[in-house]
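Undergrad: See query.txt below, with compact mmCIF, C-alpha atoms (C1' of nucleotides).
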# COMPACT_ATOMS: atom_id res chain seq x y z
CA MET A 1 -53.78 38.13 8.18
CA ALA A 2 -55.03 34.95 9.71
CA ARG A 3 -55.12 34.68 13.47
CA TRP A 4 -53.06 31.50 13.44
CA GLN A 5 -51.09 29.62 10.85
CA PRO A 6 -53.81 28.18 8.60
CA HIS A 7 -54.45 24.57 7.56
CA ALA A 8 -53.74 23.03 10.93
CA PRO A 9 -55.20 19.62 9.97
CA GLU A 10 -53.15 19.41 6.77
CA ARG A 11 -49.98 20.39 8.61
CA LEU A 12 -50.64 17.65 11.13
CA VAL A 13 -51.16 15.08 8.40
CA VAL A 14 -47.92 16.04 6.66
CA ALA A 15 -45.97 16.04 9.91
CA ALA A 16 -47.38 12.65 10.85
CA LEU A 17 -46.60 11.03 7.51
CA ASP A 18 -43.06 12.40 7.58
CA LEU A 19 -42.41 11.13 11.08
CA PHE A 20 -44.02 7.75 10.43
CA GLU A 21 -41.69 7.30 7.44
CA GLU A 22 -38.65 8.42 9.40
CA ARG A 23 -39.00 6.41 12.60
CA GLY A 24 -42.12 4.29 12.16
CA TYR A 25 -45.64 4.71 13.50
CA GLU A 26 -44.99 3.11 16.90
CA ASN A 27 -41.87 5.15 17.57
CA THR A 28 -43.68 8.43 16.97
CA THR A 29 -45.73 10.11 19.70
CA VAL A 30 -48.66 12.41 19.14
CA ILE A 31 -46.76 15.16 20.94
CA GLU A 32 -43.93 14.88 18.42
CA ILE A 33 -46.37 15.13 15.50
CA ALA A 34 -48.00 18.19 17.00
CA GLU A 35 -44.66 19.86 17.72
CA ARG A 36 -43.43 19.36 14.16
CA ALA A 37 -46.64 21.03 12.97
CA GLY A 38 -46.11 23.89 15.43
CA LEU A 39 -49.07 22.81 17.55
CA THR A 40 -49.80 20.87 20.72
CA LYS A 41 -51.30 17.55 21.69
CA SER A 42 -54.58 19.24 22.60
CA THR A 43 -54.95 20.65 19.12
CA PHE A 44 -54.10 17.34 17.50
CA PHE A 45 -56.97 15.59 19.27
CA ARG A 46 -59.24 18.50 18.45
CA HIS A 47 -58.78 17.74 14.73
CA PHE A 48 -58.49 13.94 14.83
CA PRO A 49 -60.30 11.50 17.12
CA ASP A 50 -57.18 9.37 17.53
CA LYS A 51 -53.62 8.89 16.33
CA ARG A 52 -54.49 6.43 13.53
CA GLU A 53 -57.13 8.65 11.99
CA VAL A 54 -54.56 11.26 10.94
CA LEU A 55 -53.89 9.05 7.89
CA PHE A 56 -57.57 8.40 7.08
CA GLY A 57 -59.58 11.33 5.78
CA GLY A 58 -62.75 10.78 7.71
CA ASP A 59 -65.72 9.12 6.05
CA ALA A 60 -66.01 11.24 2.92
CA MET A 61 -65.25 8.28 0.66
CA ALA A 62 -68.33 6.35 1.77
CA GLY A 63 -70.57 9.26 0.81
CA LEU A 64 -68.86 9.62 -2.56
CA LEU A 65 -69.37 5.93 -3.31
CA ALA A 66 -73.00 5.97 -2.21
CA GLY A 67 -73.66 9.06 -4.30
CA GLY A 68 -72.00 7.53 -7.34
CA ILE A 69 -74.13 4.41 -7.06
CA ALA A 70 -77.30 6.46 -6.64
CA ASP A 71 -76.44 8.51 -9.73
CA ALA A 72 -75.85 5.50 -11.97
CA PRO A 73 -78.35 4.95 -14.80
CA ALA A 74 -81.44 3.04 -13.75
CA THR A 75 -80.67 0.34 -16.28
CA ALA A 76 -77.23 -0.42 -14.82
CA THR A 77 -76.60 -3.79 -13.22
CA PRO A 78 -75.28 -3.74 -9.62
CA LEU A 79 -71.64 -4.03 -10.68
CA GLU A 80 -72.12 -1.42 -13.38
CA ALA A 81 -73.50 0.95 -10.75
CA VAL A 82 -70.41 0.28 -8.62
CA SER A 83 -68.23 0.96 -11.63
CA HIS A 84 -70.03 4.27 -12.13
CA ALA A 85 -69.33 5.15 -8.51
CA LEU A 86 -65.65 4.30 -8.88
CA ASP A 87 -65.43 6.69 -11.81
CA ALA A 88 -66.92 9.46 -9.68
CA VAL A 89 -64.53 8.72 -6.82
CA GLY A 90 -61.60 8.71 -9.20
CA GLN A 91 -62.54 12.17 -10.46
CA ALA A 92 -62.99 13.59 -6.98
CA ALA A 93 -60.32 11.95 -4.86
CA PHE A 94 -57.80 9.89 -6.78
CA THR A 95 -56.29 12.71 -8.81
CA PRO A 96 -52.71 12.62 -10.14
CA GLU A 97 -51.54 15.23 -7.61
CA ARG A 98 -52.45 12.89 -4.79
CA ARG A 99 -50.72 9.87 -6.21
CA GLU A 100 -47.38 10.42 -4.49
CA PHE A 101 -48.94 11.16 -1.13
CA SER A 102 -51.19 8.11 -1.41
CA ALA A 103 -48.26 5.86 -2.26
CA ARG A 104 -46.30 7.04 0.77
CA ARG A 105 -49.38 6.66 2.97
CA ARG A 106 -49.98 3.17 1.62
CA ALA A 107 -46.45 2.06 2.47
CA VAL A 108 -46.70 3.42 6.01
CA ILE A 109 -50.03 1.67 6.59
CA ALA A 110 -48.73 -1.62 5.20
CA ALA A 111 -45.83 -1.48 7.68
CA ASN A 112 -47.99 -1.22 10.80
CA PRO A 113 -50.64 -3.62 12.14
CA GLU A 114 -52.50 -0.92 14.03
CA LEU A 115 -52.90 1.13 10.85
CA ARG A 116 -53.84 -1.93 8.82
CA GLU A 117 -56.55 -2.58 11.38
CA ARG A 118 -58.01 0.87 10.89
CA GLU A 119 -57.83 0.42 7.14
CA ALA A 120 -59.73 -2.85 7.46
CA LEU A 121 -62.48 -1.06 9.37
CA LYS A 122 -62.66 1.66 6.72
CA GLY A 123 -62.96 -1.04 4.08
CA LEU A 124 -65.90 -2.60 5.89
CA GLY A 125 -67.52 0.82 6.05
CA LEU A 126 -67.12 1.34 2.32
CA THR A 127 -68.50 -2.10 1.56
CA ALA A 128 -71.50 -1.48 3.80
CA ALA A 129 -72.09 1.91 2.17
CA MET A 130 -72.05 0.33 -1.28
CA ALA A 131 -74.43 -2.45 -0.25
CA GLU A 132 -76.80 0.05 1.30
CA ALA A 133 -76.76 2.29 -1.78
CA LEU A 134 -77.45 -0.73 -3.98
CA GLU A 135 -80.40 -1.71 -1.82
CA ARG A 136 -81.83 1.77 -2.27
CA ARG A 137 -81.76 0.98 -6.01
CA GLY A 138 -83.88 -2.09 -5.36
CA VAL A 139 -81.14 -4.72 -5.31
CA PRO A 140 -82.21 -7.32 -2.71
CA ASP A 141 -80.07 -8.29 0.27
CA PRO A 142 -77.79 -11.14 -0.70
CA ALA A 143 -77.22 -9.72 -4.19
CA SER A 144 -76.36 -6.28 -2.83
CA ARG A 145 -73.72 -7.68 -0.53
CA VAL A 146 -72.19 -9.80 -3.26
CA ALA A 147 -71.90 -6.81 -5.57
CA ALA A 148 -70.51 -4.64 -2.78
CA GLN A 149 -67.94 -7.29 -1.89
CA LEU A 150 -66.82 -7.62 -5.51
CA GLY A 151 -66.85 -3.84 -5.84
CA ALA A 152 -64.56 -3.52 -2.84
CA LEU A 153 -62.11 -5.90 -4.45
CA VAL A 154 -62.26 -3.94 -7.71
CA MET A 155 -61.54 -0.75 -5.82
CA THR A 156 -58.60 -2.35 -4.00
CA LEU A 157 -57.08 -3.65 -7.22
CA ALA A 158 -57.55 -0.30 -8.94
CA TYR A 159 -56.08 1.57 -5.99
CA GLU A 160 -53.01 -0.65 -5.94
CA ARG A 161 -52.39 0.05 -9.61
CA TRP A 162 -53.17 3.76 -9.37
CA CYS A 163 -50.67 4.19 -6.52
CA ASP A 164 -47.83 2.72 -8.57
CA PRO A 165 -45.74 5.72 -9.66
CA ALA A 166 -44.23 3.74 -12.55
CA GLU A 167 -47.58 3.30 -14.27
CA GLU A 168 -49.36 6.63 -13.75
CA THR A 169 -52.63 5.13 -14.90
CA ASP A 170 -55.89 7.00 -14.49
CA PHE A 171 -57.94 5.60 -11.62
CA GLY A 172 -61.10 5.21 -13.70
CA GLU A 173 -59.13 3.28 -16.31
CA ALA A 174 -57.59 1.07 -13.64
CA ALA A 175 -61.04 0.44 -12.18
CA ARG A 176 -62.51 -0.60 -15.52
CA GLN A 177 -59.61 -2.96 -16.10
CA ALA A 178 -59.96 -4.43 -12.62
CA LEU A 179 -63.68 -4.89 -13.17
CA ARG A 180 -63.02 -6.91 -16.32
CA GLN A 181 -60.53 -9.08 -14.44
CA VAL A 182 -62.93 -9.68 -11.58
CA ARG A 183 -65.79 -10.48 -13.96
CA ALA A 184 -63.65 -13.02 -15.79
CA ALA A 185 -62.47 -14.62 -12.55
CA THR A 186 -65.98 -14.74 -11.13
CA ALA A 187 -67.17 -16.83 -14.05
CA ALA A 188 -64.52 -19.47 -13.23
CA SER A 189 -65.29 -19.73 -9.52
CA MET B 1 -53.94 -30.58 42.95
CA ALA B 2 -52.93 -27.94 40.50
CA ARG B 3 -50.62 -25.20 41.65
CA TRP B 4 -53.08 -22.54 40.61
CA GLN B 5 -56.68 -22.54 39.52
CA PRO B 6 -56.53 -24.03 36.02
CA HIS B 7 -57.81 -22.63 32.72
CA ALA B 8 -56.73 -19.05 33.35
CA PRO B 9 -57.32 -17.94 29.71
CA GLU B 10 -60.84 -19.40 29.63
CA ARG B 11 -61.70 -17.80 32.95
CA LEU B 12 -60.53 -14.46 31.62
CA VAL B 13 -62.63 -14.83 28.47
CA VAL B 14 -65.76 -15.66 30.47
CA ALA B 15 -65.18 -12.83 32.90
CA ALA B 16 -64.61 -10.39 30.06
CA LEU B 17 -67.73 -11.40 28.14
CA ASP B 18 -69.85 -11.16 31.30
CA LEU B 19 -68.55 -7.70 32.13
CA PHE B 20 -68.84 -6.45 28.56
CA GLU B 21 -72.48 -7.50 28.55
CA GLU B 22 -73.16 -5.94 31.94
CA ARG B 23 -71.55 -2.52 31.54
CA GLY B 24 -70.19 -2.40 28.01
CA TYR B 25 -66.68 -2.80 26.64
CA GLU B 26 -65.58 0.78 27.23
CA ASN B 27 -66.81 0.86 30.80
CA THR B 28 -64.84 -2.24 31.73
CA THR B 29 -61.16 -2.10 32.69
CA VAL B 30 -58.65 -4.89 32.27
CA ILE B 31 -58.10 -4.84 36.02
CA GLU B 32 -61.80 -5.54 36.59
CA ILE B 33 -61.73 -8.47 34.15
CA ALA B 34 -58.68 -9.94 35.84
CA GLU B 35 -60.16 -9.50 39.32
CA ARG B 36 -63.39 -11.27 38.36
CA ALA B 37 -61.27 -14.17 37.10
CA GLY B 38 -59.28 -14.17 40.35
CA LEU B 39 -56.16 -12.89 38.58
CA THR B 40 -54.29 -9.66 38.00
CA LYS B 41 -53.63 -7.26 35.15
CA SER B 42 -50.15 -8.75 34.66
CA THR B 43 -51.57 -12.20 34.07
CA PHE B 44 -54.19 -10.89 31.68
CA PHE B 45 -51.56 -9.41 29.39
CA ARG B 46 -49.51 -12.58 29.70
CA HIS B 47 -52.36 -14.51 28.04
CA PHE B 48 -53.70 -11.87 25.63
CA PRO B 49 -51.72 -9.25 23.71
CA ASP B 50 -54.39 -6.61 24.32
CA LYS B 51 -57.87 -6.04 25.72
CA ARG B 52 -59.71 -6.65 22.42
CA GLU B 53 -58.06 -9.98 21.74
CA VAL B 54 -59.77 -11.63 24.72
CA LEU B 55 -62.80 -12.08 22.43
CA PHE B 56 -60.83 -13.35 19.42
CA GLY B 57 -59.27 -16.78 19.74
CA GLY B 58 -55.95 -16.07 18.13
CA ASP B 59 -55.33 -17.05 14.54
CA ALA B 60 -56.40 -20.69 14.63
CA MET B 61 -59.25 -20.08 12.20
CA ALA B 62 -56.94 -19.01 9.38
CA GLY B 63 -55.01 -22.26 9.66
CA LEU B 64 -58.21 -24.30 9.69
CA LEU B 65 -59.44 -22.57 6.54
CA ALA B 66 -56.14 -22.95 4.73
CA GLY B 67 -55.99 -26.63 5.68
CA GLY B 68 -59.54 -27.22 4.50
CA ILE B 69 -58.79 -25.64 1.15
CA ALA B 70 -55.62 -27.68 0.77
CA ASP B 71 -57.50 -30.87 1.55
CA ALA B 72 -60.25 -30.27 -1.01
CA PRO B 73 -60.35 -32.65 -4.02
CA ALA B 74 -58.07 -31.63 -6.83
CA THR B 75 -61.03 -31.36 -9.18
CA ALA B 76 -62.84 -28.80 -7.02
CA THR B 77 -63.35 -25.30 -8.36
CA PRO B 78 -62.07 -22.43 -6.16
CA LEU B 79 -65.44 -21.85 -4.52
CA GLU B 80 -65.94 -25.58 -4.03
CA ALA B 81 -62.60 -25.72 -2.23
CA VAL B 82 -63.71 -22.86 -0.01
CA SER B 83 -66.93 -24.71 0.69
CA HIS B 84 -64.92 -27.78 1.67
CA ALA B 85 -62.92 -25.63 4.08
CA LEU B 86 -66.08 -24.19 5.61
CA ASP B 87 -67.30 -27.71 6.29
CA ALA B 88 -64.06 -28.51 8.09
CA VAL B 89 -64.25 -25.31 10.12
CA GLY B 90 -67.84 -26.05 11.03
CA GLN B 91 -66.87 -29.47 12.37
CA ALA B 92 -63.97 -28.14 14.38
CA ALA B 93 -65.09 -24.78 15.70
CA PHE B 94 -68.75 -23.99 15.09
CA THR B 95 -70.22 -26.75 17.19
CA PRO B 96 -73.68 -26.52 18.84
CA GLU B 97 -72.16 -26.12 22.33
CA ARG B 98 -70.49 -22.92 21.21
CA ARG B 99 -73.55 -21.40 19.65
CA GLU B 100 -74.75 -19.53 22.74
CA PHE B 101 -71.31 -18.17 23.55
CA SER B 102 -70.80 -17.08 19.94
CA ALA B 103 -74.13 -15.30 19.86
CA ARG B 104 -73.32 -13.35 23.03
CA ARG B 105 -69.86 -12.54 21.71
CA ARG B 106 -71.32 -11.38 18.41
CA ALA B 107 -73.70 -8.97 20.13
CA VAL B 108 -70.92 -7.50 22.25
CA ILE B 109 -68.69 -6.98 19.23
CA ALA B 110 -71.50 -5.39 17.23
CA ALA B 111 -72.04 -2.87 20.03
CA ASN B 112 -68.48 -1.54 20.08
CA PRO B 113 -66.45 0.14 17.29
CA GLU B 114 -63.11 -0.90 18.74
CA LEU B 115 -64.14 -4.56 18.71
CA ARG B 116 -65.64 -4.26 15.24
CA GLU B 117 -62.30 -2.90 14.10
CA ARG B 118 -60.48 -5.95 15.41
CA GLU B 119 -63.06 -8.18 13.78
CA ALA B 120 -62.48 -6.42 10.47
CA LEU B 121 -58.76 -7.12 10.74
CA LYS B 122 -59.43 -10.78 11.51
CA GLY B 123 -61.68 -10.93 8.46
CA LEU B 124 -58.91 -9.57 6.25
CA GLY B 125 -56.58 -12.19 7.68
CA LEU B 126 -59.01 -14.98 6.88
CA THR B 127 -59.54 -13.70 3.36
CA ALA B 128 -55.80 -13.47 2.79
CA ALA B 129 -55.32 -17.00 4.15
CA MET B 130 -57.98 -18.34 1.79
CA ALA B 131 -56.49 -16.55 -1.22
CA GLU B 132 -53.03 -17.85 -0.37
CA ALA B 133 -54.28 -21.41 0.03
CA LEU B 134 -56.06 -21.19 -3.31
CA GLU B 135 -52.90 -19.96 -4.98
CA ARG B 136 -51.08 -23.00 -3.64
CA ARG B 137 -53.68 -25.03 -5.54
CA GLY B 138 -52.70 -23.23 -8.72
CA VAL B 139 -55.47 -20.63 -8.83
CA PRO B 140 -53.90 -17.46 -10.32
CA ASP B 141 -53.90 -14.12 -8.52
CA PRO B 142 -57.03 -12.21 -9.47
CA ALA B 143 -59.16 -15.36 -9.44
CA SER B 144 -57.87 -16.42 -6.04
CA ARG B 145 -58.79 -13.09 -4.50
CA VAL B 146 -62.23 -13.12 -6.06
CA ALA B 147 -62.96 -16.59 -4.69
CA ALA B 148 -61.56 -15.65 -1.27
CA GLN B 149 -63.68 -12.50 -1.17
CA LEU B 150 -66.83 -14.43 -2.08
CA GLY B 151 -65.85 -17.15 0.38
CA ALA B 152 -65.55 -14.59 3.15
CA LEU B 153 -69.06 -13.39 2.40
CA VAL B 154 -70.35 -16.96 2.42
CA MET B 155 -68.73 -17.52 5.80
CA THR B 156 -70.22 -14.32 7.18
CA LEU B 157 -73.72 -15.22 6.00
CA ALA B 158 -73.41 -18.75 7.38
CA TYR B 159 -72.07 -17.47 10.69
CA GLU B 160 -74.95 -15.04 11.06
CA ARG B 161 -77.43 -17.83 10.54
CA TRP B 162 -75.60 -20.34 12.72
CA CYS B 163 -75.52 -17.88 15.62
CA ASP B 164 -79.28 -17.45 15.58
CA PRO B 165 -80.54 -19.52 18.55
CA ALA B 166 -84.03 -19.76 17.03
CA GLU B 167 -82.80 -21.70 14.00
CA GLU B 168 -80.17 -24.07 15.40
CA THR B 169 -78.97 -24.89 11.91
CA ASP B 170 -75.78 -26.84 11.36
CA PHE B 171 -72.95 -24.58 10.20
CA GLY B 172 -72.08 -26.74 7.22
CA GLU B 173 -75.71 -26.66 6.11
CA ALA B 174 -75.85 -22.89 6.54
CA ALA B 175 -72.65 -22.54 4.52
CA ARG B 176 -73.97 -24.63 1.64
CA GLN B 177 -77.15 -22.59 1.58
CA ALA B 178 -75.20 -19.32 1.65
CA LEU B 179 -72.99 -20.55 -1.16
CA ARG B 180 -76.05 -21.21 -3.34
CA GLN B 181 -77.36 -17.71 -2.59
CA VAL B 182 -74.03 -16.08 -3.40
CA ARG B 183 -73.68 -18.08 -6.62
CA ALA B 184 -77.14 -17.03 -7.75
CA ALA B 185 -76.50 -13.38 -6.90
CA THR B 186 -73.12 -13.41 -8.63
CA ALA B 187 -74.71 -14.43 -11.90
CA ALA B 188 -76.94 -11.33 -11.77
CA SER B 189 -74.18 -8.83 -11.02
C1' DA C 1 -33.30 -31.03 52.08
C1' DC C 2 -32.55 -28.22 48.07
C1' DA C 3 -32.06 -26.05 43.67
C1' DG C 4 -34.85 -25.56 39.40
C1' DT C 5 -39.05 -24.21 36.90
C1' DG C 6 -43.07 -21.92 35.43
C1' DA C 7 -47.06 -19.25 36.38
C1' DT C 8 -48.32 -15.45 38.99
C1' DG C 9 -48.18 -10.83 41.68
C1' DA C 10 -46.59 -6.08 42.31
C1' DG C 11 -45.44 -1.80 40.89
C1' DA C 12 -43.00 1.75 38.11
C1' DC C 13 -43.26 3.79 33.72
C1' DT C 14 -44.75 5.53 28.92
C1' DT C 15 -48.34 6.80 25.88
C1' DG C 16 -52.99 7.45 23.99
C1' DG C 17 -56.97 9.83 24.95
C1' DT C 18 -60.39 12.90 27.79
C1' DC C 19 -61.62 16.96 30.10
C1' DC C 20 -61.64 21.53 31.91
C1' DC C 21 -60.12 26.02 32.02
C1' DA C 22 -57.13 29.89 30.66
C1' DT C 23 -55.37 32.60 26.87
C1' DC C 24 -55.08 35.08 22.76
C1' DA C 25 -56.22 37.28 18.47
C1' DC C 26 -59.66 39.05 15.87
C1' DC C 27 -64.46 41.05 14.95
C1' DG C 28 -68.55 43.83 15.55
C1' DT C 29 -70.59 47.50 17.91
C1' DA C 30 -71.05 51.64 20.57
C1' DT D 1 -61.29 54.15 21.33
C1' DA D 2 -63.18 50.96 24.34
C1' DC D 3 -65.55 46.70 25.04
C1' DG D 4 -67.70 42.16 25.01
C1' DG D 5 -68.24 38.02 21.92
C1' DT D 6 -66.20 34.23 19.36
C1' DG D 7 -63.32 30.48 17.98
C1' DA D 8 -58.99 28.22 17.83
C1' DT D 9 -55.30 27.22 20.70
C1' DG D 10 -52.28 26.04 25.03
C1' DG D 11 -51.63 23.87 29.52
C1' DG D 12 -52.12 20.52 32.66
C1' DA D 13 -54.61 17.13 35.52
C1' DC D 14 -56.33 12.72 35.06
C1' DC D 15 -57.48 7.77 33.65
C1' DA D 16 -56.69 3.44 31.32
C1' DA D 17 -53.98 0.50 28.06
C1' DG D 18 -49.85 -1.69 27.56
C1' DT D 19 -44.63 -2.70 28.72
C1' DC D 20 -41.10 -4.09 31.64
C1' DT D 21 -38.59 -5.79 35.56
C1' DC D 22 -38.22 -8.12 39.70
C1' DA D 23 -40.11 -10.79 43.55
C1' DT D 24 -42.96 -14.64 45.08
C1' DC D 25 -44.87 -19.01 45.42
C1' DA D 26 -46.00 -23.82 44.67
C1' DC D 27 -44.62 -27.71 42.98
C1' DT D 28 -40.97 -31.06 40.80
C1' DG D 29 -36.96 -33.88 40.52
C1' DT D 30 -32.67 -35.29 42.52
How does this structure look as structure tokens?

TA:
Amino acid sequence: MARWQPHAPERLVVAALDLFEERGYENTTVIEIAERAGLTKSTFFRHFPDKREVLFGGDAMAGLLAGGIADAPATATPLEAVSHALDAVGQAAFTPERREFSARRRAVIAANPELREREALKGLGLTAAMAEALERRGVPDPASRVAAQLGALVMTLAYERWCDPAEETDFGEAARQALRQVRAATAAS
Amino acid sequence: MARWQPHAPERLVVAALDLFEERGYENTTVIEIAERAGLTKSTFFRHFPDKREVLFGGDAMAGLLAGGIADAPATATPLEAVSHALDAVGQAAFTPERREFSARRRAVIAANPELREREALKGLGLTAAMAEALERRGVPDPASRVAAQLGALVMTLAYERWCDPAEETDFGEAARQALRQVRAATAAS
DNA sequence: ACAGTGATGAGACTTGGTCCCATCACCGTA
DNA sequence: TACGGTGATGGGACCAAGTCTCATCACTGT
């Protein structure tokens, strides 16, 4: 027997997403989220630094991306290393079971400026993590940032497609396709 | 004689930047900013939607960029159109008189996560505005986003250089140089 | 002289977020 | 069985951001 109901963070995330869908992010208070999860405001802020963060799983993604780039073959070009990292991330995080949750989360974020702002910050963090990991492979400064910027776009395109419940494409497959598109478009810029 | 002291928004911006430098963004209240400008909290929120926005001049930049892209010669490639827009923006906004203020503002933003978050959102807005303007020129979807993403990086690199008081480079010149760097790095990705 | 107008001031109110302390259930040890 | 330690939780005071409403004040035009 556990002392308390387990999985408090997960319960808070589910309660928050439900409420945000029902009445919108701005019309939902932290106290209401906590109550639906059978907890209190104090406990909410013990698990999440602020209200927005309940929809953003910390900074695990940046580490996954950096690790995937570091593990890429030494002969890989910068964008190939990013592609390798996207495969790793797809295996670890963008699994089919999470597709429905991610799609709901994506819609809620798109509907609220405050959440879009947090998402923008997370995106910058991922881009910076990719650029830094590329520099540790010996890619010099302007080139590393270019590859990271293009990699971020590839990830966004792949994520959009992966979230679509009508397609049910594998994330790695979506990423490879997006990479081809971006490569082709880059040549014409 | 004016009814009140004129230029209330500008006075608030100056007061805010001064206080943010002196004691940091988090240790400065809106009431303190307003008092230093000879105003009150009510008036502050009448001119700015929130505390962060006092350092971000609305959304004028997005319109400038979109206009510059629309005005580019019809024969210009996507990145050339972006470069044309950066020239226009440099003429209108990144003038030498503003260099010192921009450098101070940049340092304050870099020191605070909340301000960096707002800056990230503004960056997304600029990228979206560039992609949309390119699409109005007939550039199809993936290519427009690639060019906008690379254009955003070019603008960031040029802005970093333009802000440096030791260099005093013209923004348009910095943008052209950054564009050459990004083009060279793109070929090696 | 007088009503209209637009920017400002004042203050109540809600909510996000911080902080401190009490509580409660379990665990290990005597 | 008794007892102190531990870790997650609850409760509530407190501050600042942001909203809203109403009053004020200085000037303008008739």

Undergrad: Up to 12 Å from chain B, what residues of chain C turn up? Count only C-alpha atoms (C1' of nucleotides) and give them as a list in words.

TA: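 Matching residues, ligands excluded from the count: DG6, DA7, DT8, DG9, DA10 and DG11 of chain C.
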
Undergrad: Atom CA of Tyr25 of chain B to atom C1' of DG16 of chain C: how many Å, to one decimal?

TA: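 Result for atom CA of Tyr25 of chain B versus atom C1' of DG16 of chain C: 17.3 Å, one decimal.
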
Undergrad: Contacts from chain A to chain B, 12 Å maximum, only C-alpha atoms: show me the residue list as a PyMOL selection string.

TA: chain A and resi 50+76-83+113-125+127+134+139-154+156-158+177-189

Undergrad: Compute the set of chain D residues within 12 Å of chain B, using only C-alpha atoms (C1' of nucleotides), and express it as a PyMOL selection string.

TA: chain D and resi 15-21+25-28

Undergrad: Would you put the residues from that selection into a file with C-alpha atoms (C1' of nucleotides), as a CSV table (one decimal), in the coordinates of the input?

TA:
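The resulting part.csv:
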chain,number,residue,atom,x,y,z
D,15,DC,C1',-57.5,7.8,33.6
D,16,DA,C1',-56.7,3.4,31.3
D,17,DA,C1',-54.0,0.5,28.1
D,18,DG,C1',-49.8,-1.7,27.6
D,19,DT,C1',-44.6,-2.7,28.7
D,20,DC,C1',-41.1,-4.1,31.6
D,21,DT,C1',-38.6,-5.8,35.6
D,25,DC,C1',-44.9,-19.0,45.4
D,26,DA,C1',-46.0,-23.8,44.7
D,27,DC,C1',-44.6,-27.7,43.0
D,28,DT,C1',-41.0,-31.1,40.8

Undergrad: Identify, on the basis of only C-alpha atoms (C1' of nucleotides), every residue whose closest approach to Glu160 of chain B does not exceed 12 Å; exclude the query and any residue fewer than 3 positions from it along the same chain; express the result as a list in words.

TA: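 Within the cut-off, the hits are Phe94, Arg99, Ser102, Ala103, Arg106, Ala107, Ala110, Leu153, Val154, Met155, Thr156, Leu157, Cys163, Asp164, Pro165, Ala166, Glu167, Glu168, Thr169, Asp170, Phe171, Ala174, Ala175 and Ala178 of chain B.
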
Undergrad: So that I can see what lies close to DG29 of chain D, please list as number ranges by chain the residues with an atom at most 12 Å from it, counting all atoms listed in the file and leaving out residues fewer than 5 positions away in the same chain.

TA: C: 2-5

Undergrad: What's the separation between atom CA of Phe20 of chain B and atom CA of Glu97 of chain B, in Å to one decimal place?

TA: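 About the pair atom CA of Phe20 of chain B and atom CA of Glu97 of chain B: they are 20.9 Å apart.
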
Undergrad: Rounded to one decimal place, report the atom CA of Glu22 of chain B-atom CA of Val108 of chain B distance in Å.

TA: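 Interatomic distance, atom CA of Glu22 of chain B to atom CA of Val108 of chain B: 10.1 Å.
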
Undergrad: Calculated over all atoms listed in the file, which of the candidates B:Arg137, B:Arg36, B:Arg176, B:Arg52 has the smallest distance to Ala72 of chain B?

TA: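 So, comparing all the options, the nearest one is B:Arg137.
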
Undergrad: Is there a way to complete segment 32-43 of chain B with N, CA and C atoms and then write that out as a JSON list (two decimals), in the frame of the given file?

TA:
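Final output, saved to out_10.json:
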[["chain", "number", "residue", "atom", "x", "y", "z"],
["B", 32, "GLU", "N", -60.53, -4.95, 36.15],
["B", 32, "GLU", "CA", -61.80, -5.54, 36.59],
["B", 32, "GLU", "C", -61.98, -6.95, 36.02],
["B", 33, "ILE", "N", -61.62, -7.13, 34.75],
["B", 33, "ILE", "CA", -61.73, -8.47, 34.15],
["B", 33, "ILE", "C", -60.86, -9.45, 34.92],
["B", 34, "ALA", "N", -59.62, -9.04, 35.16],
["B", 34, "ALA", "CA", -58.68, -9.94, 35.84],
["B", 34, "ALA", "C", -59.18, -10.26, 37.25],
["B", 35, "GLU", "N", -59.69, -9.27, 37.95],
["B", 35, "GLU", "CA", -60.16, -9.50, 39.32],
["B", 35, "GLU", "C", -61.33, -10.49, 39.34],
["B", 36, "ARG", "N", -62.26, -10.35, 38.38],
["B", 36, "ARG", "CA", -63.39, -11.27, 38.36],
["B", 36, "ARG", "C", -62.92, -12.70, 38.10],
["B", 37, "ALA", "N", -61.82, -12.83, 37.37],
["B", 37, "ALA", "CA", -61.27, -14.17, 37.10],
["B", 37, "ALA", "C", -60.32, -14.61, 38.21],
["B", 38, "GLY", "N", -60.19, -13.81, 39.27],
["B", 38, "GLY", "CA", -59.28, -14.17, 40.35],
["B", 38, "GLY", "C", -57.82, -14.01, 39.97],
["B", 39, "LEU", "N", -57.53, -13.08, 39.06],
["B", 39, "LEU", "CA", -56.16, -12.89, 38.58],
["B", 39, "LEU", "C", -55.82, -11.40, 38.61],
["B", 40, "THR", "N", -54.71, -11.05, 38.01],
["B", 40, "THR", "CA", -54.29, -9.66, 38.00],
["B", 40, "THR", "C", -54.05, -9.19, 36.56],
["B", 41, "LYS", "N", -53.90, -7.88, 36.44],
["B", 41, "LYS", "CA", -53.63, -7.26, 35.15],
["B", 41, "LYS", "C", -52.41, -7.89, 34.47],
["B", 42, "SER", "N", -51.35, -8.14, 35.24],
["B", 42, "SER", "CA", -50.15, -8.75, 34.66],
["B", 42, "SER", "C", -50.48, -10.05, 33.95],
["B", 43, "THR", "N", -51.25, -10.88, 34.63],
["B", 43, "THR", "CA", -51.57, -12.20, 34.07],
["B", 43, "THR", "C", -52.45, -12.07, 32.84]]
